[in-house]
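For reference, coords-v7.cif is printed below; it contains mmCIF, C-alpha atoms and all ligand atoms.
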```
data_entry
loop_
_atom_site.group_PDB
_atom_site.id
_atom_site.type_symbol
_atom_site.label_atom_id
_atom_site.label_comp_id
_atom_site.auth_asym_id
_atom_site.auth_seq_id
_atom_site.Cartn_x
_atom_site.Cartn_y
_atom_site.Cartn_z
ATOM 1 C CA MET A 674 -16.164 17.919 14.819
ATOM 2 C CA ILE A 675 -13.099 16.357 13.150
ATOM 3 C CA ARG A 676 -11.111 13.688 14.975
ATOM 4 C CA PHE A 677 -8.237 11.317 14.335
ATOM 5 C CA ILE A 678 -9.813 7.850 14.376
ATOM 6 C CA GLN A 679 -8.755 4.190 14.068
ATOM 7 C CA THR A 680 -8.884 1.862 11.054
ATOM 8 C CA ASP A 681 -11.778 -0.091 12.556
ATOM 9 C CA ASP A 682 -13.816 3.123 12.813
ATOM 10 C CA VAL A 683 -13.710 3.880 9.060
ATOM 11 C CA LEU A 684 -14.696 0.463 7.691
ATOM 12 C CA ALA A 685 -18.491 0.651 7.961
ATOM 13 C CA LEU A 686 -18.729 4.017 6.172
ATOM 14 C CA ARG A 687 -16.228 2.872 3.513
ATOM 15 C CA ASN A 688 -18.409 -0.137 2.859
ATOM 16 C CA GLU A 689 -21.695 1.797 2.812
ATOM 17 C CA VAL A 690 -20.502 4.650 0.577
ATOM 18 C CA LEU A 691 -17.738 3.189 -1.588
ATOM 19 C CA ARG A 692 -18.776 -0.480 -1.902
ATOM 20 C CA GLU A 693 -22.569 -0.127 -1.711
ATOM 21 C CA GLY A 694 -22.534 -2.177 1.500
ATOM 22 C CA ARG A 695 -21.668 -5.320 -0.442
ATOM 23 C CA LEU A 696 -18.462 -6.318 1.357
ATOM 24 C CA THR A 697 -17.584 -7.555 4.801
ATOM 25 C CA LEU A 698 -15.815 -4.989 6.972
ATOM 26 C CA ASP A 699 -12.548 -6.912 6.653
ATOM 27 C CA GLU A 700 -12.793 -6.740 2.856
ATOM 28 C CA CYS A 701 -12.887 -2.942 3.159
ATOM 29 C CA ARG A 702 -9.387 -2.799 4.656
ATOM 30 C CA PHE A 703 -6.545 -1.324 2.597
ATOM 31 C CA PRO A 704 -3.141 -3.046 2.924
ATOM 32 C CA ASN A 705 -1.455 -0.060 4.582
ATOM 33 C CA ASP A 706 -4.312 1.031 6.867
ATOM 34 C CA ASP A 707 -2.181 0.280 9.910
ATOM 35 C CA ALA A 708 1.209 1.220 8.432
ATOM 36 C CA GLU A 709 3.450 3.611 10.313
ATOM 37 C CA GLY A 710 2.499 7.201 9.483
ATOM 38 C CA THR A 711 -0.989 6.340 8.217
ATOM 39 C CA PHE A 712 -3.757 8.440 9.720
ATOM 40 C CA HIS A 713 -7.534 8.338 9.455
ATOM 41 C CA LEU A 714 -9.880 11.280 9.963
ATOM 42 C CA GLY A 715 -13.548 11.305 10.801
ATOM 43 C CA TYR A 716 -16.162 14.058 10.901
ATOM 44 C CA TYR A 717 -18.766 13.612 13.615
ATOM 45 C CA ASP A 718 -22.211 15.198 13.464
ATOM 46 C CA ASN A 719 -23.025 14.992 17.163
ATOM 47 C CA ASP A 720 -22.060 11.351 17.825
ATOM 48 C CA GLN A 721 -22.603 10.093 14.291
ATOM 49 C CA LEU A 722 -19.610 9.474 12.042
ATOM 50 C CA VAL A 723 -20.620 10.945 8.672
ATOM 51 C CA CYS A 724 -17.381 11.430 6.713
ATOM 52 C CA VAL A 725 -14.056 9.583 6.648
ATOM 53 C CA ALA A 726 -10.759 9.725 4.798
ATOM 54 C CA SER A 727 -7.489 7.840 5.146
ATOM 55 C CA PHE A 728 -3.972 9.065 4.386
ATOM 56 C CA HIS A 729 -1.134 6.613 3.730
ATOM 57 C CA PRO A 730 2.552 7.515 3.281
ATOM 58 C CA GLN A 731 3.066 6.683 -0.403
ATOM 59 C CA ASN A 732 4.809 8.314 -3.356
ATOM 60 C CA TYR A 733 3.165 8.570 -6.756
ATOM 61 C CA LYS A 734 5.319 6.885 -9.414
ATOM 62 C CA GLU A 735 8.606 8.764 -9.849
ATOM 63 C CA TYR A 736 7.451 11.865 -7.935
ATOM 64 C CA THR A 737 9.890 12.526 -5.093
ATOM 65 C CA GLY A 738 9.491 14.090 -1.665
ATOM 66 C CA LYS A 739 7.416 13.223 1.367
ATOM 67 C CA ALA A 740 4.042 12.122 0.063
ATOM 68 C CA TYR A 741 0.680 10.808 1.158
ATOM 69 C CA GLN A 742 -1.999 8.988 -0.796
ATOM 70 C CA LEU A 743 -5.574 9.878 0.119
ATOM 71 C CA ARG A 744 -7.889 6.867 0.060
ATOM 72 C CA GLY A 745 -11.382 5.936 1.193
ATOM 73 C CA MET A 746 -12.909 9.434 0.877
ATOM 74 C CA ALA A 747 -16.550 8.998 1.801
ATOM 75 C CA THR A 748 -19.398 11.164 3.077
ATOM 76 C CA ARG A 749 -22.696 9.581 4.123
ATOM 77 C CA GLU A 750 -25.291 10.386 1.469
ATOM 78 C CA SER A 751 -27.509 12.386 3.850
ATOM 79 C CA HIS A 752 -24.614 14.717 4.656
ATOM 80 C CA ARG A 753 -23.176 15.453 1.191
ATOM 81 C CA GLY A 754 -22.938 18.903 -0.389
ATOM 82 C CA LYS A 755 -22.559 20.683 2.956
ATOM 83 C CA GLY A 756 -18.808 21.250 2.797
ATOM 84 C CA ILE A 757 -17.996 18.441 5.248
ATOM 85 C CA GLY A 758 -15.653 16.554 2.897
ATOM 86 C CA ASN A 759 -13.953 19.824 2.029
ATOM 87 C CA GLN A 760 -13.396 20.614 5.721
ATOM 88 C CA LEU A 761 -12.020 17.132 6.397
ATOM 89 C CA VAL A 762 -9.453 17.256 3.595
ATOM 90 C CA ASN A 763 -8.461 20.814 4.494
ATOM 91 C CA PHE A 764 -7.860 19.653 8.066
ATOM 92 C CA ALA A 765 -5.592 16.914 6.682
ATOM 93 C CA ILE A 766 -3.722 19.389 4.471
ATOM 94 C CA VAL A 767 -2.973 21.665 7.452
ATOM 95 C CA TYR A 768 -1.835 18.630 9.477
ATOM 96 C CA MET A 769 0.391 17.349 6.648
ATOM 97 C CA ARG A 770 1.894 20.811 6.147
ATOM 98 C CA GLY A 771 2.896 20.646 9.820
ATOM 99 C CA GLN A 772 4.474 17.236 9.146
ATOM 100 C CA LYS A 773 6.533 18.767 6.303
ATOM 101 C CA VAL A 774 4.713 16.688 3.682
ATOM 102 C CA ASN A 775 5.410 17.823 0.106
ATOM 103 C CA TYR A 776 2.355 16.554 -1.737
ATOM 104 C CA VAL A 777 -0.790 14.452 -1.521
ATOM 105 C CA TRP A 778 -2.387 12.502 -4.357
ATOM 106 C CA CYS A 779 -5.267 10.148 -4.992
ATOM 107 C CA ASN A 780 -6.977 8.000 -7.579
ATOM 108 C CA ALA A 781 -10.202 9.923 -7.985
ATOM 109 C CA ARG A 782 -13.469 8.739 -9.433
ATOM 110 C CA LYS A 783 -14.393 10.890 -12.387
ATOM 111 C CA LYS A 784 -17.590 11.960 -10.613
ATOM 112 C CA ALA A 785 -15.573 13.327 -7.657
ATOM 113 C CA ILE A 786 -12.999 15.322 -9.635
ATOM 114 C CA ARG A 787 -14.670 18.695 -9.086
ATOM 115 C CA PHE A 788 -14.673 17.998 -5.330
ATOM 116 C CA TYR A 789 -10.880 17.611 -5.408
ATOM 117 C CA GLN A 790 -10.371 20.555 -7.762
ATOM 118 C CA ASN A 791 -12.277 22.755 -5.282
ATOM 119 C CA LEU A 792 -9.570 21.808 -2.781
ATOM 120 C CA GLY A 793 -6.776 22.813 -5.172
ATOM 121 C CA PHE A 794 -5.931 19.377 -6.592
ATOM 122 C CA GLU A 795 -5.014 19.089 -10.265
ATOM 123 C CA VAL A 796 -5.500 16.236 -12.711
ATOM 124 C CA ILE A 797 -2.133 14.609 -13.579
ATOM 125 C CA SER A 798 -3.105 11.457 -15.456
ATOM 126 C CA ALA A 799 -5.112 10.272 -18.372
ATOM 127 C CA GLU A 800 -8.399 8.568 -17.604
ATOM 128 C CA PHE A 801 -8.104 4.948 -16.498
ATOM 129 C CA GLU A 802 -10.614 2.312 -15.535
ATOM 130 C CA VAL A 803 -10.779 0.697 -12.094
ATOM 131 C CA PRO A 804 -12.521 -2.638 -12.678
ATOM 132 C CA GLY A 805 -15.955 -2.761 -11.103
ATOM 133 C CA ILE A 806 -15.856 0.908 -10.056
ATOM 134 C CA GLY A 807 -15.442 3.039 -13.177
ATOM 135 C CA PRO A 808 -13.327 5.806 -14.737
ATOM 136 C CA HIS A 809 -10.659 7.528 -12.651
ATOM 137 C CA HIS A 810 -7.896 10.124 -12.884
ATOM 138 C CA VAL A 811 -4.894 10.727 -10.633
ATOM 139 C CA LEU A 812 -5.270 14.006 -8.729
ATOM 140 C CA TYR A 813 -2.340 15.844 -7.133
ATOM 141 C CA LEU A 814 -1.970 18.663 -4.627
ATOM 142 C CA LYS A 815 1.342 20.295 -3.798
ATOM 143 C CA ILE A 816 1.497 21.136 -0.104
ATOM 144 C CA GLN A 817 4.953 22.696 0.137
HETATM 145 C C1 LIG B 1 -17.012 13.011 -3.090
HETATM 146 C C2 LIG B 1 -17.556 13.178 -1.669
HETATM 147 C C3 LIG B 1 -16.594 12.512 -0.693
HETATM 148 C C4 LIG B 1 -17.664 14.665 -1.355
HETATM 149 O O1 LIG B 1 -18.035 14.815 0.012
HETATM 150 P P1 LIG B 1 -18.949 16.035 0.491
HETATM 151 O O2 LIG B 1 -18.912 16.038 1.988
HETATM 152 O O3 LIG B 1 -20.273 15.965 -0.167
HETATM 153 O O4 LIG B 1 -18.098 17.242 -0.088
HETATM 154 P P2 LIG B 1 -18.400 18.812 -0.040
HETATM 155 O O5 LIG B 1 -19.760 19.058 0.524
HETATM 156 O O6 LIG B 1 -17.244 19.452 0.602
HETATM 157 O O7 LIG B 1 -18.372 19.153 -1.576
HETATM 158 C C5 LIG B 1 -19.320 18.558 -2.439
HETATM 159 C C6 LIG B 1 -20.081 19.588 -3.189
HETATM 160 O O8 LIG B 1 -20.789 20.392 -2.284
HETATM 161 C C7 LIG B 1 -20.558 21.770 -2.587
HETATM 162 N N1 LIG B 1 -20.464 22.498 -1.318
HETATM 163 C C8 LIG B 1 -19.373 22.749 -0.615
HETATM 164 N N2 LIG B 1 -19.626 23.434 0.483
HETATM 165 C C9 LIG B 1 -20.938 23.628 0.495
HETATM 166 C C10 LIG B 1 -21.812 24.236 1.411
HETATM 167 N N3 LIG B 1 -21.349 24.825 2.524
HETATM 168 N N4 LIG B 1 -23.121 24.198 1.124
HETATM 169 C C11 LIG B 1 -23.573 23.597 -0.004
HETATM 170 N N5 LIG B 1 -22.770 22.991 -0.889
HETATM 171 C C12 LIG B 1 -21.483 22.998 -0.648
HETATM 172 C C13 LIG B 1 -19.275 21.836 -3.290
HETATM 173 O O9 LIG B 1 -19.263 22.911 -4.207
HETATM 174 C C14 LIG B 1 -19.189 20.500 -3.961
HETATM 175 O O10 LIG B 1 -19.712 20.553 -5.229
HETATM 176 P P3 LIG B 1 -19.009 19.792 -6.438
HETATM 177 O O11 LIG B 1 -18.246 18.601 -5.886
HETATM 178 O O12 LIG B 1 -20.150 19.402 -7.269
HETATM 179 O O13 LIG B 1 -18.120 20.814 -7.025
HETATM 180 C C15 LIG B 1 -18.992 12.578 -1.535
HETATM 181 O O14 LIG B 1 -19.793 13.077 -2.572
HETATM 182 C C16 LIG B 1 -19.027 11.058 -1.573
HETATM 183 O O15 LIG B 1 -18.810 10.383 -0.559
HETATM 184 N N6 LIG B 1 -19.318 10.499 -2.775
HETATM 185 C C17 LIG B 1 -19.435 9.078 -2.965
HETATM 186 C C18 LIG B 1 -18.098 8.386 -2.804
HETATM 187 C C19 LIG B 1 -17.022 8.980 -3.664
HETATM 188 O O16 LIG B 1 -17.196 9.213 -4.838
HETATM 189 N N7 LIG B 1 -15.856 9.213 -3.019
HETATM 190 C C20 LIG B 1 -14.699 9.755 -3.690
HETATM 191 C C21 LIG B 1 -13.936 8.639 -4.309
HETATM 192 S S1 LIG B 1 -12.570 9.251 -5.242
#
```
Entire entry expressed as structure tokens:
Amino acid sequence: MIRFIQTDDVLALRNEVLREGRLTLDECRFPNDDAEGTFHLGYYDNDQLVCVASFHPQNYKEYTGKAYQLRGMATRESHRGKGIGNQLVNFAIVYMRGQKVNYVWCNARKKAIRFYQNLGFEVISAEFEVPGIGPHHVLYLKIQ
């Protein structure tokens, strides 16, 4: 079941999946986690939170329109490859379409690019390195 959740709810899974559990929960916060318009989604398997994603109002460079940046996309290892991440992002896309959002984008790890392409995202940047994490591309999805 997919639910809108709070910043504090996403931090433990962010840390476990995206930071190998090395940080404190506070270090896993993004600056605009609590900004107006930001929303966080969680997928619950019974009562266990197994997938999270956060969406912040943010344009990409000179791209215009109403935009969101997707950050903190993480599925617990035991639950990957079952379509849960895909369902969560599709839920967000339907919600953002209702909010008249024009596009969503993200900085995607190279390893996750096919996941985003399955959702309709396209690569719009050259490869760049995020220190300590690895190679990335910018991925973009037009919503309307
Ligand atoms: C990237 C990530 C979020 C994807 O989450 P997920 O819940 O496993 O995503 P899905 O199950 O929807 O899709 C993953 C794969 O499962 C496959 N899949 C989708 N539905 C499926 C189903 N019903 N049954 C089996 N496999 C399925 C997809 O084809 C996809 O394959 P691909 O990515 O190799 O093309 C997850 O792997 C993860 O947390 N990785 C570590 C952190 C990370 O890299 N985050 C992204 C940072 S940019």
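Of the residues under consideration (A:Arg782, A:Ala747, A:Gln679, A:Arg770), A:Ala747 shows the shortest atom-to-atom contact distance to Glu693 (chain A) when counting all atoms listed in the file.
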Please provide as a ChimeraX atom specification all residues within 10 Å of Trp778 (chain A), with the sequence filter that same-chain residues fewer than 4 positions apart are discarded (counting all atoms listed in the file). /A:728,731-733,740-744,789,794-797,811-815
Exercise answer, 10 Å around ligand LIG 1 (chain B) with only C-alpha atoms and all ligand atoms, as a VMD selection string: chain A and resid 686 to 687 689 to 693 716 723 to 726 743 to 763 779 to 792 806 809 to 812
Just-selected residues, C-alpha atoms written as a compact mmCIF listing (two decimals), in the coordinates of the input:
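Saved file result-v7.txt follows:
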```
# COMPACT_ATOMS: atom_id res chain seq x y z
CA LEU A 686 -18.73 4.02 6.17
CA ARG A 687 -16.23 2.87 3.51
CA GLU A 689 -21.70 1.80 2.81
CA VAL A 690 -20.50 4.65 0.58
CA LEU A 691 -17.74 3.19 -1.59
CA ARG A 692 -18.78 -0.48 -1.90
CA GLU A 693 -22.57 -0.13 -1.71
CA TYR A 716 -16.16 14.06 10.90
CA VAL A 723 -20.62 10.94 8.67
CA CYS A 724 -17.38 11.43 6.71
CA VAL A 725 -14.06 9.58 6.65
CA ALA A 726 -10.76 9.72 4.80
CA LEU A 743 -5.57 9.88 0.12
CA ARG A 744 -7.89 6.87 0.06
CA GLY A 745 -11.38 5.94 1.19
CA MET A 746 -12.91 9.43 0.88
CA ALA A 747 -16.55 9.00 1.80
CA THR A 748 -19.40 11.16 3.08
CA ARG A 749 -22.70 9.58 4.12
CA GLU A 750 -25.29 10.39 1.47
CA SER A 751 -27.51 12.39 3.85
CA HIS A 752 -24.61 14.72 4.66
CA ARG A 753 -23.18 15.45 1.19
CA GLY A 754 -22.94 18.90 -0.39
CA LYS A 755 -22.56 20.68 2.96
CA GLY A 756 -18.81 21.25 2.80
CA ILE A 757 -18.00 18.44 5.25
CA GLY A 758 -15.65 16.55 2.90
CA ASN A 759 -13.95 19.82 2.03
CA GLN A 760 -13.40 20.61 5.72
CA LEU A 761 -12.02 17.13 6.40
CA VAL A 762 -9.45 17.26 3.60
CA ASN A 763 -8.46 20.81 4.49
CA CYS A 779 -5.27 10.15 -4.99
CA ASN A 780 -6.98 8.00 -7.58
CA ALA A 781 -10.20 9.92 -7.98
CA ARG A 782 -13.47 8.74 -9.43
CA LYS A 783 -14.39 10.89 -12.39
CA LYS A 784 -17.59 11.96 -10.61
CA ALA A 785 -15.57 13.33 -7.66
CA ILE A 786 -13.00 15.32 -9.64
CA ARG A 787 -14.67 18.70 -9.09
CA PHE A 788 -14.67 18.00 -5.33
CA TYR A 789 -10.88 17.61 -5.41
CA GLN A 790 -10.37 20.56 -7.76
CA ASN A 791 -12.28 22.76 -5.28
CA LEU A 792 -9.57 21.81 -2.78
CA ILE A 806 -15.86 0.91 -10.06
CA HIS A 809 -10.66 7.53 -12.65
CA HIS A 810 -7.90 10.12 -12.88
CA VAL A 811 -4.89 10.73 -10.63
CA LEU A 812 -5.27 14.01 -8.73
```
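Take the candidates A:Ala708, A:Asp720, A:Leu698, A:His713 and check each one against Met674 (chain A) using all atoms listed in the file; the shortest distance goes to A:Asp720.
Excluding Asn688 (chain A) and any residue on its chain fewer than 6 positions from it, the residues at most 8 Å away by all atoms listed in the file are Gly694, Arg695, Leu696, Thr697, Leu698 and Cys701 of chain A.
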Please, what distance in Å, to one decimal, runs between CA of His729 (chain A) and CA of Phe712 (chain A)? 6.8 Å
Could you add N, CA and C atoms to region 760-777 of chain A and give me the result as a JSON list (two decimals), keeping the file's coordinate frame?
```
[["chain", "number", "residue", "atom", "x", "y", "z"],
["A", 760, "GLN", "N", -14.00, 20.29, 4.41],
["A", 760, "GLN", "CA", -13.40, 20.61, 5.72],
["A", 760, "GLN", "C", -12.44, 19.52, 6.17],
["A", 761, "LEU", "N", -12.84, 18.25, 5.94],
["A", 761, "LEU", "CA", -12.02, 17.13, 6.40],
["A", 761, "LEU", "C", -10.67, 17.11, 5.67],
["A", 762, "VAL", "N", -10.71, 17.29, 4.36],
["A", 762, "VAL", "CA", -9.45, 17.26, 3.60],
["A", 762, "VAL", "C", -8.60, 18.48, 3.92],
["A", 763, "ASN", "N", -9.25, 19.63, 4.11],
["A", 763, "ASN", "CA", -8.46, 20.81, 4.49],
["A", 763, "ASN", "C", -7.79, 20.63, 5.85],
["A", 764, "PHE", "N", -8.47, 19.96, 6.76],
["A", 764, "PHE", "CA", -7.86, 19.65, 8.07],
["A", 764, "PHE", "C", -6.60, 18.80, 7.84],
["A", 765, "ALA", "N", -6.73, 17.80, 6.97],
["A", 765, "ALA", "CA", -5.59, 16.91, 6.68],
["A", 765, "ALA", "C", -4.44, 17.68, 6.05],
["A", 766, "ILE", "N", -4.77, 18.61, 5.16],
["A", 766, "ILE", "CA", -3.72, 19.39, 4.47],
["A", 766, "ILE", "C", -2.94, 20.23, 5.50],
["A", 767, "VAL", "N", -3.65, 20.86, 6.41],
["A", 767, "VAL", "CA", -2.97, 21.66, 7.45],
["A", 767, "VAL", "C", -2.09, 20.76, 8.31],
["A", 768, "TYR", "N", -2.61, 19.59, 8.68],
["A", 768, "TYR", "CA", -1.84, 18.63, 9.48],
["A", 768, "TYR", "C", -0.59, 18.18, 8.71],
["A", 769, "MET", "N", -0.75, 17.84, 7.43],
["A", 769, "MET", "CA", 0.39, 17.35, 6.65],
["A", 769, "MET", "C", 1.42, 18.46, 6.43],
["A", 770, "ARG", "N", 0.94, 19.69, 6.29],
["A", 770, "ARG", "CA", 1.89, 20.81, 6.15],
["A", 770, "ARG", "C", 2.76, 20.87, 7.41],
["A", 771, "GLY", "N", 2.15, 20.67, 8.55],
["A", 771, "GLY", "CA", 2.90, 20.65, 9.82],
["A", 771, "GLY", "C", 3.88, 19.50, 9.89],
["A", 772, "GLN", "N", 3.59, 18.41, 9.18],
["A", 772, "GLN", "CA", 4.47, 17.24, 9.15],
["A", 772, "GLN", "C", 5.50, 17.35, 8.02],
["A", 773, "LYS", "N", 5.57, 18.51, 7.40],
["A", 773, "LYS", "CA", 6.53, 18.77, 6.30],
["A", 773, "LYS", "C", 6.31, 17.83, 5.11],
["A", 774, "VAL", "N", 5.06, 17.50, 4.85],
["A", 774, "VAL", "CA", 4.71, 16.69, 3.68],
["A", 774, "VAL", "C", 4.76, 17.58, 2.44],
["A", 775, "ASN", "N", 5.28, 17.03, 1.34],
["A", 775, "ASN", "CA", 5.41, 17.82, 0.11],
["A", 775, "ASN", "C", 4.16, 17.78, -0.78],
["A", 776, "TYR", "N", 3.55, 16.61, -0.88],
["A", 776, "TYR", "CA", 2.36, 16.55, -1.74],
["A", 776, "TYR", "C", 1.45, 15.40, -1.32],
["A", 777, "VAL", "N", 0.20, 15.52, -1.74],
["A", 777, "VAL", "CA", -0.79, 14.45, -1.52],
["A", 777, "VAL", "C", -1.43, 14.15, -2.87]]
```
